[in-house]
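Dumped final.pdb below, it's PDB, C-alpha atoms:
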```
ATOM      1  CA  GLU A   1       0.000   0.000   0.000
ATOM      2  CA  VAL A   2       1.319   3.424  -0.968
ATOM      3  CA  VAL A   3       0.451   5.106   2.343
ATOM      4  CA  ASN A   4       2.193   2.504   4.480
ATOM      5  CA  TYR A   5       5.217   2.457   2.165
ATOM      6  CA  PHE A   6       5.526   6.244   2.422
ATOM      7  CA  LEU A   7       5.260   6.210   6.223
ATOM      8  CA  ASP A   8       7.664   3.262   6.512
ATOM      9  CA  LEU A   9      10.293   5.234   4.591
ATOM     10  CA  ALA A  10       9.741   8.385   6.632
ATOM     11  CA  GLU A  11       9.929   6.476   9.934
ATOM     12  CA  LYS A  12      13.106   4.695   8.852
ATOM     13  CA  ARG A  13      14.827   7.939   7.864
ATOM     14  CA  CYS A  14      13.864   9.463  11.199
ATOM     15  CA  GLU A  15      15.253   6.438  13.046
ATOM     16  CA  VAL A  16      18.540   6.727  11.143
ATOM     17  CA  ALA A  17      18.794  10.447  11.915
ATOM     18  CA  ALA A  18      18.115   9.792  15.604
ATOM     19  CA  SER A  19      20.818   7.105  15.683
ATOM     20  CA  GLN A  20      23.378   9.570  14.304
ATOM     21  CA  THR A  21      23.060  12.131  17.060
ATOM     22  CA  THR A  22      22.908  12.403  20.823
ATOM     23  CA  PHE A  23      20.933  15.639  20.539
ATOM     24  CA  LYS A  24      17.668  15.584  22.451
ATOM     25  CA  LEU A  25      14.997  18.186  21.778
ATOM     26  CA  GLU A  26      13.008  19.298  24.802
ATOM     27  CA  SER A  27       9.743  17.350  24.892
ATOM     28  CA  THR A  28       7.719  20.539  25.332
ATOM     29  CA  GLN A  29       9.481  22.449  22.548
ATOM     30  CA  ASP A  30       7.517  22.951  19.370
ATOM     31  CA  LEU A  31       9.246  21.453  16.336
ATOM     32  CA  ASP A  32       8.304  24.550  14.356
ATOM     33  CA  GLU A  33      10.236  26.685  16.851
ATOM     34  CA  ALA A  34      13.347  24.510  16.771
ATOM     35  CA  TYR A  35      14.633  26.452  13.785
ATOM     36  CA  SER A  36      13.581  29.897  14.950
ATOM     37  CA  ALA A  37      16.047  32.714  14.310
ATOM     38  CA  GLU A  38      16.553  33.276  18.044
ATOM     39  CA  THR A  39      17.356  29.611  18.716
ATOM     40  CA  ILE A  40      19.870  29.434  15.868
ATOM     41  CA  MET A  41      21.580  32.663  16.959
ATOM     42  CA  MET A  42      21.840  31.529  20.579
ATOM     43  CA  SER A  43      23.311  28.140  19.607
ATOM     44  CA  SER A  44      25.929  29.718  17.334
ATOM     45  CA  VAL A  45      27.738  31.827  19.941
ATOM     46  CA  THR A  46      29.867  28.975  21.338
ATOM     47  CA  VAL A  47      31.814  25.978  20.064
ATOM     48  CA  ALA A  48      29.425  23.758  22.009
ATOM     49  CA  GLY A  49      26.639  25.548  20.175
ATOM     50  CA  ASP A  50      28.195  24.571  16.853
ATOM     51  CA  LYS A  51      28.074  20.892  17.785
ATOM     52  CA  GLU A  52      24.498  21.187  19.007
ATOM     53  CA  ARG A  53      23.481  23.021  15.849
ATOM     54  CA  VAL A  54      24.910  20.278  13.633
ATOM     55  CA  GLU A  55      23.136  17.582  15.630
ATOM     56  CA  ARG A  56      19.923  19.604  15.675
ATOM     57  CA  GLU A  57      20.082  19.915  11.891
ATOM     58  CA  THR A  58      20.558  16.157  11.638
ATOM     59  CA  LEU A  59      17.463  15.203  13.633
ATOM     60  CA  VAL A  60      14.914  18.010  13.782
ATOM     61  CA  PRO A  61      14.096  18.196  10.039
ATOM     62  CA  TRP A  62      13.218  14.498  10.018
ATOM     63  CA  LEU A  63      11.102  14.832  13.169
ATOM     64  CA  ARG A  64       9.221  17.667  11.504
ATOM     65  CA  PHE A  65       8.867  15.773   8.246
ATOM     66  CA  LEU A  66       7.552  12.633   9.932
ATOM     67  CA  HIS A  67       5.068  14.582  12.044
ATOM     68  CA  GLU A  68       3.791  16.386   8.955
ATOM     69  CA  ALA A  69       3.647  13.073   7.069
ATOM     70  CA  TYR A  70       1.246  11.643   9.642
ATOM     71  CA  ARG A  71      -0.890  14.795   9.597
ATOM     72  CA  THR A  72      -0.999  14.912   5.808
ATOM     73  CA  VAL A  73      -2.001  11.267   5.476
ATOM     74  CA  LEU A  74      -4.698  11.612   8.140
ATOM     75  CA  ASN A  75      -6.114  14.724   6.495
ATOM     76  CA  ILE A  76      -6.264  13.096   3.064
ATOM     77  CA  ILE A  77      -7.937   9.838   4.105
ATOM     78  CA  SER A  78     -10.011  10.988   7.082
ATOM     79  CA  ASN A  79     -13.415  10.608   5.412
ATOM     80  CA  ASN A  80     -12.875   7.731   2.996
ATOM     81  CA  ASN A  81     -14.871   4.566   3.614
ATOM     82  CA  LYS A  82     -12.279   2.446   1.784
ATOM     83  CA  LEU A  83      -9.404   3.649   3.958
ATOM     84  CA  GLU A  84     -10.851   3.554   7.475
ATOM     85  CA  ARG A  85      -8.476   0.795   8.597
ATOM     86  CA  ILE A  86      -5.423   2.649   7.306
ATOM     87  CA  TYR A  87      -6.645   5.868   8.936
ATOM     88  CA  HIS A  88      -6.809   4.305  12.393
ATOM     89  CA  GLU A  89      -3.523   2.465  11.909
ATOM     90  CA  THR A  90      -1.921   5.791  11.025
ATOM     91  CA  CYS A  91      -3.356   7.339  14.202
ATOM     92  CA  LYS A  92      -1.595   4.652  16.222
ATOM     93  CA  ARG A  93       1.655   5.212  14.329
ATOM     94  CA  ALA A  94       1.431   8.928  15.077
ATOM     95  CA  TYR A  95       0.858   8.205  18.771
ATOM     96  CA  ASN A  96       3.850   5.862  18.769
ATOM     97  CA  PHE A  97       5.986   8.605  17.205
ATOM     98  CA  CYS A  98       5.037  10.894  20.087
ATOM     99  CA  VAL A  99       6.067   8.256  22.634
ATOM    100  CA  ILE A 100       9.376   7.317  20.989
ATOM    101  CA  TYR A 101      10.541  10.909  20.513
ATOM    102  CA  GLU A 102       8.701  12.369  23.527
ATOM    103  CA  ARG A 103       6.785  14.896  21.445
ATOM    104  CA  LYS A 104       4.209  16.584  23.651
ATOM    105  CA  GLN A 105       3.299  19.545  21.467
ATOM    106  CA  GLU A 106       2.898  17.307  18.440
ATOM    107  CA  PHE A 107       0.760  14.849  20.398
ATOM    108  CA  ARG A 108      -1.597  17.680  21.281
ATOM    109  CA  ARG A 109      -1.889  18.610  17.610
ATOM    110  CA  ILE A 110      -2.561  15.013  16.576
ATOM    111  CA  CYS A 111      -5.313  14.754  19.216
ATOM    112  CA  GLN A 112      -6.943  17.954  17.968
ATOM    113  CA  LEU A 113      -6.739  16.742  14.377
ATOM    114  CA  ILE A 114      -8.393  13.390  15.082
ATOM    115  CA  LYS A 115     -11.154  15.075  17.066
ATOM    116  CA  LYS A 116     -11.781  17.401  14.104
ATOM    117  CA  HIS A 117     -11.913  14.461  11.708
ATOM    118  CA  LEU A 118     -14.605  12.708  13.738
ATOM    119  CA  ASN A 119     -16.593  15.951  13.889
ATOM    120  CA  ASP A 120     -16.256  16.266  10.103
ATOM    121  CA  VAL A 121     -17.430  12.689   9.547
ATOM    122  CA  GLU A 122     -20.494  13.426  11.680
ATOM    123  CA  LYS A 123     -21.124  16.685   9.838
ATOM    124  CA  TYR A 124     -20.878  15.281   6.321
ATOM    125  CA  SER A 125     -22.738  12.097   7.183
ATOM    126  CA  GLY A 126     -25.765  14.242   7.997
ATOM    127  CA  GLN A 127     -25.790  15.893   4.591
ATOM    128  CA  ASP A 128     -28.372  15.380   1.896
ATOM    129  CA  PRO A 129     -27.491  11.998   0.291
ATOM    130  CA  ASN A 130     -27.476  13.613  -3.142
ATOM    131  CA  SER A 131     -24.718  16.025  -2.111
ATOM    132  CA  LYS A 132     -22.417  13.420  -0.550
ATOM    133  CA  ARG A 133     -19.313  12.078  -2.186
ATOM    134  CA  PRO A 134     -19.655   8.352  -2.897
ATOM    135  CA  TYR A 135     -16.645   7.474  -0.740
ATOM    136  CA  ASN A 136     -17.793   9.407   2.349
ATOM    137  CA  ILE A 137     -17.990   7.398   5.560
ATOM    138  CA  VAL A 138     -21.557   6.581   6.594
ATOM    139  CA  LEU A 139     -21.887   6.848  10.355
ATOM    140  CA  ASP A 140     -22.932   3.740  12.251
ATOM    141  CA  ASP A 141     -21.897   1.948  15.419
ATOM    142  CA  SER A 142     -18.900   0.303  13.718
ATOM    143  CA  VAL A 143     -17.469   3.714  12.778
ATOM    144  CA  TYR A 144     -17.793   4.963  16.349
ATOM    145  CA  GLU A 145     -16.246   1.749  17.668
ATOM    146  CA  LYS A 146     -13.191   2.264  15.475
ATOM    147  CA  PHE A 147     -12.774   5.785  16.833
ATOM    148  CA  LEU A 148     -13.337   4.450  20.338
ATOM    149  CA  VAL A 149     -10.460   1.981  20.019
ATOM    150  CA  THR A 150      -8.264   4.759  18.635
ATOM    151  CA  LYS A 151      -9.185   7.018  21.537
ATOM    152  CA  PHE A 152      -8.168   4.281  23.977
ATOM    153  CA  GLU A 153      -4.739   4.303  22.324
ATOM    154  CA  GLN A 154      -4.714   8.077  22.594
ATOM    155  CA  LEU A 155      -5.432   7.862  26.318
ATOM    156  CA  LYS A 156      -2.650   5.314  26.837
ATOM    157  CA  THR A 157      -0.263   7.583  24.949
ATOM    158  CA  ALA A 158      -1.225  10.570  27.100
ATOM    159  CA  VAL A 159      -0.331   8.502  30.171
ATOM    160  CA  LYS A 160       2.989   7.336  28.703
ATOM    161  CA  ILE A 161       4.186  10.864  27.951
ATOM    162  CA  ALA A 162       2.676  12.333  31.123
ATOM    163  CA  MET A 163       0.113  14.643  29.508
ATOM    164  CA  LEU A 164      -2.731  14.292  31.967
ATOM    165  CA  ASN A 165      -4.660  17.286  30.643
ATOM    166  CA  GLU A 166      -4.872  15.607  27.245
ATOM    167  CA  GLY A 167      -5.732  12.383  29.037
ATOM    168  CA  TYR A 168      -8.691  13.978  30.791
ATOM    169  CA  LYS A 169      -9.878  15.524  27.525
ATOM    170  CA  THR A 170      -9.645  12.112  25.891
ATOM    171  CA  VAL A 171     -11.687  10.513  28.677
ATOM    172  CA  GLY A 172     -14.425  13.060  27.959
ATOM    173  CA  GLU A 173     -14.281  12.309  24.228
ATOM    174  CA  ILE A 174     -14.456   8.580  24.923
ATOM    175  CA  HIS A 175     -17.518   9.099  27.100
ATOM    176  CA  ASP A 176     -19.188  11.139  24.341
ATOM    177  CA  ILE A 177     -18.491   8.464  21.718
ATOM    178  CA  MET A 178     -19.784   5.693  23.971
ATOM    179  CA  GLY A 179     -23.034   7.643  24.341
ATOM    180  CA  LYS A 180     -23.503   7.665  20.562
ATOM    181  CA  ILE A 181     -23.269   3.887  20.156
ATOM    182  CA  ASP A 182     -26.745   2.373  20.177
ATOM    183  CA  SER A 183     -25.834  -1.288  20.461
ATOM    184  CA  PRO A 184     -24.312  -2.753  23.663
ATOM    185  CA  LEU A 185     -20.559  -2.267  23.755
ATOM    186  CA  ARG A 186     -18.397  -5.306  23.247
ATOM    187  CA  LYS A 187     -17.042  -6.615  26.537
ATOM    188  CA  GLN A 188     -13.440  -6.066  25.464
ATOM    189  CA  LEU A 189     -14.127  -2.394  24.760
ATOM    190  CA  LEU A 190     -15.455  -1.941  28.281
ATOM    191  CA  VAL A 191     -12.412  -3.754  29.699
ATOM    192  CA  ASP A 192     -10.102  -1.446  27.730
ATOM    193  CA  TYR A 193     -12.046   1.606  28.866
ATOM    194  CA  TYR A 194     -11.837   0.867  32.576
ATOM    195  CA  SER A 195      -8.225  -0.247  32.227
ATOM    196  CA  SER A 196      -7.374   3.107  30.638
ATOM    197  CA  LEU A 197      -9.191   5.008  33.383
ATOM    198  CA  THR A 198      -7.202   3.081  35.975
ATOM    199  CA  GLU A 199      -3.940   4.092  34.308
ATOM    200  CA  VAL A 200      -4.909   7.770  34.453
ATOM    201  CA  ARG A 201      -5.766   7.519  38.155
ATOM    202  CA  ILE A 202      -2.469   5.738  38.938
ATOM    203  CA  VAL A 203      -0.434   8.449  37.191
ATOM    204  CA  LYS A 204      -2.422  11.190  38.921
ATOM    205  CA  TYR A 205      -1.663   9.849  42.370
TER     206      TYR A 205
END
```
Hey, can you dump this file as structure tokens for me?
Amino acid sequence: EVVNYFLDLAEKRCEVAASQTTFKLESTQDLDEAYSAETIMMSSVTVAGDKERVERETLVPWLRFLHEAYRTVLNIISNNNKLERIYHETCKRAYNFCVIYERKQEFRRICQLIKKHLNDVEKYSGQDPNSKRPYNIVLDDSVYEKFLVTKFEQLKTAVKIAMLNEGYKTVGEIHDIMGKIDSPLRKQLLVDYYSSLTEVRIVKY
């Protein structure tokens, strides 16, 4: 599949770049700010800054590229009924990226993007059938269940990178989605839900 091949290549190049440097970007620093004029000027005033700048230029562009690759793919396929599986797999890959490279700002953006995509699916699903694109996702319980599973992964990721505010937001989104599913939830989904809530409570205390 073209999407997976593209992401595989991007992830591999990012892994190689990370293996070639000991530079570590602050987890709370925005990737878009890593190349700001002020940052570059400050890092260029010392010899140590020269080394850091070289290592920064080795890793940061690939972190930015990979983050944008996930966002681009998700935006393109977010409301395509033939690509639902790939969409949710890509969500999990994006979460994993945030864990591996400790990317808190980027995790927040990914969460916001996925929330927007679900809102868009709901919006366009309610349109006049004659105005819909043939590949639009038609909302039903199975669609919500897929987003529910993805949100569980999002909650686990929030716990792993210690972003409790995002975790609490995700719990609220999970609760909202569960309320929109008409059929009884599968037992495993309920197990995952309460397991995720337990993880949040453990981290909190």
At a cut-off of 12 Å from (9.4, 20.3, 17.5) in the coordinates of the file, what residues are picked up using only C-alpha atoms, written as JSON, numbers by chain? {"A": [24, 25, 26, 27, 28, 29, 30, 31, 32, 33, 34, 35, 36, 56, 59, 60, 61, 62, 63, 64, 65, 66, 67, 68, 98, 101, 102, 103, 104, 105, 106, 107, 108, 109]}
Selection to disk with C-alpha atoms, as a CSV table (one decimal), in the coordinates of the input:
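Full text of part11.csv as output:
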```csv
chain,number,residue,atom,x,y,z
A,24,LYS,CA,17.7,15.6,22.5
A,25,LEU,CA,15.0,18.2,21.8
A,26,GLU,CA,13.0,19.3,24.8
A,27,SER,CA,9.7,17.4,24.9
A,28,THR,CA,7.7,20.5,25.3
A,29,GLN,CA,9.5,22.4,22.5
A,30,ASP,CA,7.5,23.0,19.4
A,31,LEU,CA,9.2,21.5,16.3
A,32,ASP,CA,8.3,24.6,14.4
A,33,GLU,CA,10.2,26.7,16.9
A,34,ALA,CA,13.3,24.5,16.8
A,35,TYR,CA,14.6,26.5,13.8
A,36,SER,CA,13.6,29.9,15.0
A,56,ARG,CA,19.9,19.6,15.7
A,59,LEU,CA,17.5,15.2,13.6
A,60,VAL,CA,14.9,18.0,13.8
A,61,PRO,CA,14.1,18.2,10.0
A,62,TRP,CA,13.2,14.5,10.0
A,63,LEU,CA,11.1,14.8,13.2
A,64,ARG,CA,9.2,17.7,11.5
A,65,PHE,CA,8.9,15.8,8.2
A,66,LEU,CA,7.6,12.6,9.9
A,67,HIS,CA,5.1,14.6,12.0
A,68,GLU,CA,3.8,16.4,9.0
A,98,CYS,CA,5.0,10.9,20.1
A,101,TYR,CA,10.5,10.9,20.5
A,102,GLU,CA,8.7,12.4,23.5
A,103,ARG,CA,6.8,14.9,21.4
A,104,LYS,CA,4.2,16.6,23.7
A,105,GLN,CA,3.3,19.5,21.5
A,106,GLU,CA,2.9,17.3,18.4
A,107,PHE,CA,0.8,14.8,20.4
A,108,ARG,CA,-1.6,17.7,21.3
A,109,ARG,CA,-1.9,18.6,17.6
```
Going by the chain IDs and residue numbers used in this file, which residues fall under the PyMOL selection byres ((chain A and resi 15) around 12)? Write them as a ChimeraX atom specification. /A:8-14,16-21,58-60,62-63,66,97,100-101
Please, could you write that set of residues out with C-alpha atoms as an mmCIF file, keeping the file's coordinate frame?
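Result file follows (result_38.cif):
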```cif
data_model
loop_
_atom_site.group_PDB
_atom_site.id
_atom_site.type_symbol
_atom_site.label_atom_id
_atom_site.label_comp_id
_atom_site.auth_asym_id
_atom_site.auth_seq_id
_atom_site.Cartn_x
_atom_site.Cartn_y
_atom_site.Cartn_z
ATOM 1 C CA ASP A 8 7.664 3.262 6.512
ATOM 2 C CA LEU A 9 10.293 5.234 4.591
ATOM 3 C CA ALA A 10 9.741 8.385 6.632
ATOM 4 C CA GLU A 11 9.929 6.476 9.934
ATOM 5 C CA LYS A 12 13.106 4.695 8.852
ATOM 6 C CA ARG A 13 14.827 7.939 7.864
ATOM 7 C CA CYS A 14 13.864 9.463 11.199
ATOM 8 C CA VAL A 16 18.540 6.727 11.143
ATOM 9 C CA ALA A 17 18.794 10.447 11.915
ATOM 10 C CA ALA A 18 18.115 9.792 15.604
ATOM 11 C CA SER A 19 20.818 7.105 15.683
ATOM 12 C CA GLN A 20 23.378 9.570 14.304
ATOM 13 C CA THR A 21 23.060 12.131 17.060
ATOM 14 C CA THR A 58 20.558 16.157 11.638
ATOM 15 C CA LEU A 59 17.463 15.203 13.633
ATOM 16 C CA VAL A 60 14.914 18.010 13.782
ATOM 17 C CA TRP A 62 13.218 14.498 10.018
ATOM 18 C CA LEU A 63 11.102 14.832 13.169
ATOM 19 C CA LEU A 66 7.552 12.633 9.932
ATOM 20 C CA PHE A 97 5.986 8.605 17.205
ATOM 21 C CA ILE A 100 9.376 7.317 20.989
ATOM 22 C CA TYR A 101 10.541 10.909 20.513
#
```
Would you kindly return, as a compact mmCIF listing (two decimals) with C-alpha atoms, in the coordinates of the input, each protein, DNA or RNA residue with an atom no farther than 9 Å from any atom of region 189-199 of chain A, considering all atoms listed in the file and excluding same-chain residues fewer than 6 positions away?
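Generated output (part.txt):
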```
# COMPACT_ATOMS: atom_id res chain seq x y z
CA GLU A 145 -16.25 1.75 17.67
CA LEU A 148 -13.34 4.45 20.34
CA VAL A 149 -10.46 1.98 20.02
CA PHE A 152 -8.17 4.28 23.98
CA GLU A 153 -4.74 4.30 22.32
CA LEU A 155 -5.43 7.86 26.32
CA LYS A 156 -2.65 5.31 26.84
CA VAL A 159 -0.33 8.50 30.17
CA VAL A 171 -11.69 10.51 28.68
CA ILE A 174 -14.46 8.58 24.92
```
Distance in Å - CA of Ile76 (chain A) versus CA of Val121 (chain A):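 Separating CA of Ile76 (chain A) from CA of Val121 (chain A) is a distance of 12.9 Å.
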Which residues are close to Asp176 (chain A), i.e. within 12 Å by all atoms listed in the file, leaving aside same-chain residues fewer than 5 positions away? Reply as a PyMOL selection string. chain A and resi 115+118-119+144-145+147-148+151+169-171+181
Please provide the set of residues having any atom within 6 Å of region 133-137 of chain A, restricted to only C-alpha atoms, with same-chain residues fewer than 2 positions apart removed, written as a PyMOL selection string. chain A and resi 79-81
Writing out the chosen residues with C-alpha atoms as a short mmCIF file (atom, residue, chain, number, x, y, z; two decimals), in the frame of the given file:
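Generated output (result_4.cif):
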```cif
data_model
loop_
_atom_site.label_atom_id
_atom_site.label_comp_id
_atom_site.auth_asym_id
_atom_site.auth_seq_id
_atom_site.Cartn_x
_atom_site.Cartn_y
_atom_site.Cartn_z
CA ASN A 79 -13.42 10.61 5.41
CA ASN A 80 -12.88 7.73 3.00
CA ASN A 81 -14.87 4.57 3.61
#
```
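CA of Lys116 (chain A) sits 20.0 Å away from CA of Asn96 (chain A).
Atom pair CA of Leu7 (chain A) / CA of Ile114 (chain A) has a distance of 17.8 Å (rounded to one decimal).
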When you get a chance, write out N, CA and C atoms for region 134-162 of chain A, as a tab-separated table (two decimals), in the coordinates of the input.
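Contents of the output file part-v4.tsv:
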```
chain	number	residue	atom	x	y	z
A	134	PRO	N	-19.36	9.79	-3.02
A	134	PRO	CA	-19.66	8.35	-2.90
A	134	PRO	C	-18.76	7.62	-1.91
A	135	TYR	N	-17.57	8.17	-1.64
A	135	TYR	CA	-16.64	7.47	-0.74
A	135	TYR	C	-16.73	7.99	0.70
A	136	ASN	N	-17.64	8.93	0.98
A	136	ASN	CA	-17.79	9.41	2.35
A	136	ASN	C	-18.15	8.26	3.30
A	137	ILE	N	-17.66	8.37	4.53
A	137	ILE	CA	-17.99	7.40	5.56
A	137	ILE	C	-19.43	7.62	6.00
A	138	VAL	N	-20.19	6.53	6.10
A	138	VAL	CA	-21.56	6.58	6.59
A	138	VAL	C	-21.54	6.18	8.07
A	139	LEU	N	-21.97	7.09	8.91
A	139	LEU	CA	-21.89	6.85	10.36
A	139	LEU	C	-22.77	5.69	10.80
A	140	ASP	N	-22.18	4.79	11.57
A	140	ASP	CA	-22.93	3.74	12.25
A	140	ASP	C	-22.11	3.33	13.46
A	141	ASP	N	-22.59	2.35	14.19
A	141	ASP	CA	-21.90	1.95	15.42
A	141	ASP	C	-20.47	1.47	15.15
A	142	SER	N	-20.24	0.82	14.01
A	142	SER	CA	-18.90	0.30	13.72
A	142	SER	C	-17.90	1.44	13.53
A	143	VAL	N	-18.35	2.56	12.96
A	143	VAL	CA	-17.47	3.71	12.78
A	143	VAL	C	-17.09	4.29	14.14
A	144	TYR	N	-18.08	4.45	15.01
A	144	TYR	CA	-17.79	4.96	16.35
A	144	TYR	C	-16.89	4.01	17.14
A	145	GLU	N	-17.08	2.71	16.96
A	145	GLU	CA	-16.25	1.75	17.67
A	145	GLU	C	-14.79	1.86	17.24
A	146	LYS	N	-14.57	2.09	15.96
A	146	LYS	CA	-13.19	2.26	15.48
A	146	LYS	C	-12.55	3.49	16.12
A	147	PHE	N	-13.31	4.59	16.18
A	147	PHE	CA	-12.77	5.78	16.83
A	147	PHE	C	-12.58	5.56	18.33
A	148	LEU	N	-13.45	4.75	18.92
A	148	LEU	CA	-13.34	4.45	20.34
A	148	LEU	C	-12.03	3.73	20.63
A	149	VAL	N	-11.72	2.73	19.84
A	149	VAL	CA	-10.46	1.98	20.02
A	149	VAL	C	-9.26	2.91	19.84
A	150	THR	N	-9.35	3.80	18.86
A	150	THR	CA	-8.26	4.76	18.64
A	150	THR	C	-8.12	5.71	19.81
A	151	LYS	N	-9.24	6.13	20.38
A	151	LYS	CA	-9.18	7.02	21.54
A	151	LYS	C	-8.59	6.32	22.76
A	152	PHE	N	-8.81	5.02	22.89
A	152	PHE	CA	-8.17	4.28	23.98
A	152	PHE	C	-6.65	4.36	23.82
A	153	GLU	N	-6.17	4.20	22.59
A	153	GLU	CA	-4.74	4.30	22.32
A	153	GLU	C	-4.25	5.71	22.63
A	154	GLN	N	-5.07	6.69	22.31
A	154	GLN	CA	-4.71	8.08	22.59
A	154	GLN	C	-4.57	8.30	24.10
A	155	LEU	N	-5.48	7.72	24.86
A	155	LEU	CA	-5.43	7.86	26.32
A	155	LEU	C	-4.18	7.20	26.88
A	156	LYS	N	-3.86	6.01	26.38
A	156	LYS	CA	-2.65	5.31	26.84
A	156	LYS	C	-1.40	6.12	26.52
A	157	THR	N	-1.41	6.76	25.35
A	157	THR	CA	-0.26	7.58	24.95
A	157	THR	C	-0.13	8.78	25.86
A	158	ALA	N	-1.25	9.42	26.19
A	158	ALA	CA	-1.23	10.57	27.10
A	158	ALA	C	-0.60	10.19	28.43
A	159	VAL	N	-0.90	8.99	28.91
A	159	VAL	CA	-0.33	8.50	30.17
A	159	VAL	C	1.17	8.28	30.03
A	160	LYS	N	1.57	7.66	28.92
A	160	LYS	CA	2.99	7.34	28.70
A	160	LYS	C	3.87	8.58	28.65
A	161	ILE	N	3.35	9.66	28.06
A	161	ILE	CA	4.19	10.86	27.95
A	161	ILE	C	3.78	11.94	28.97
A	162	ALA	N	3.02	11.48	29.98
A	162	ALA	CA	2.68	12.33	31.12
A	162	ALA	C	1.97	13.63	30.71
```
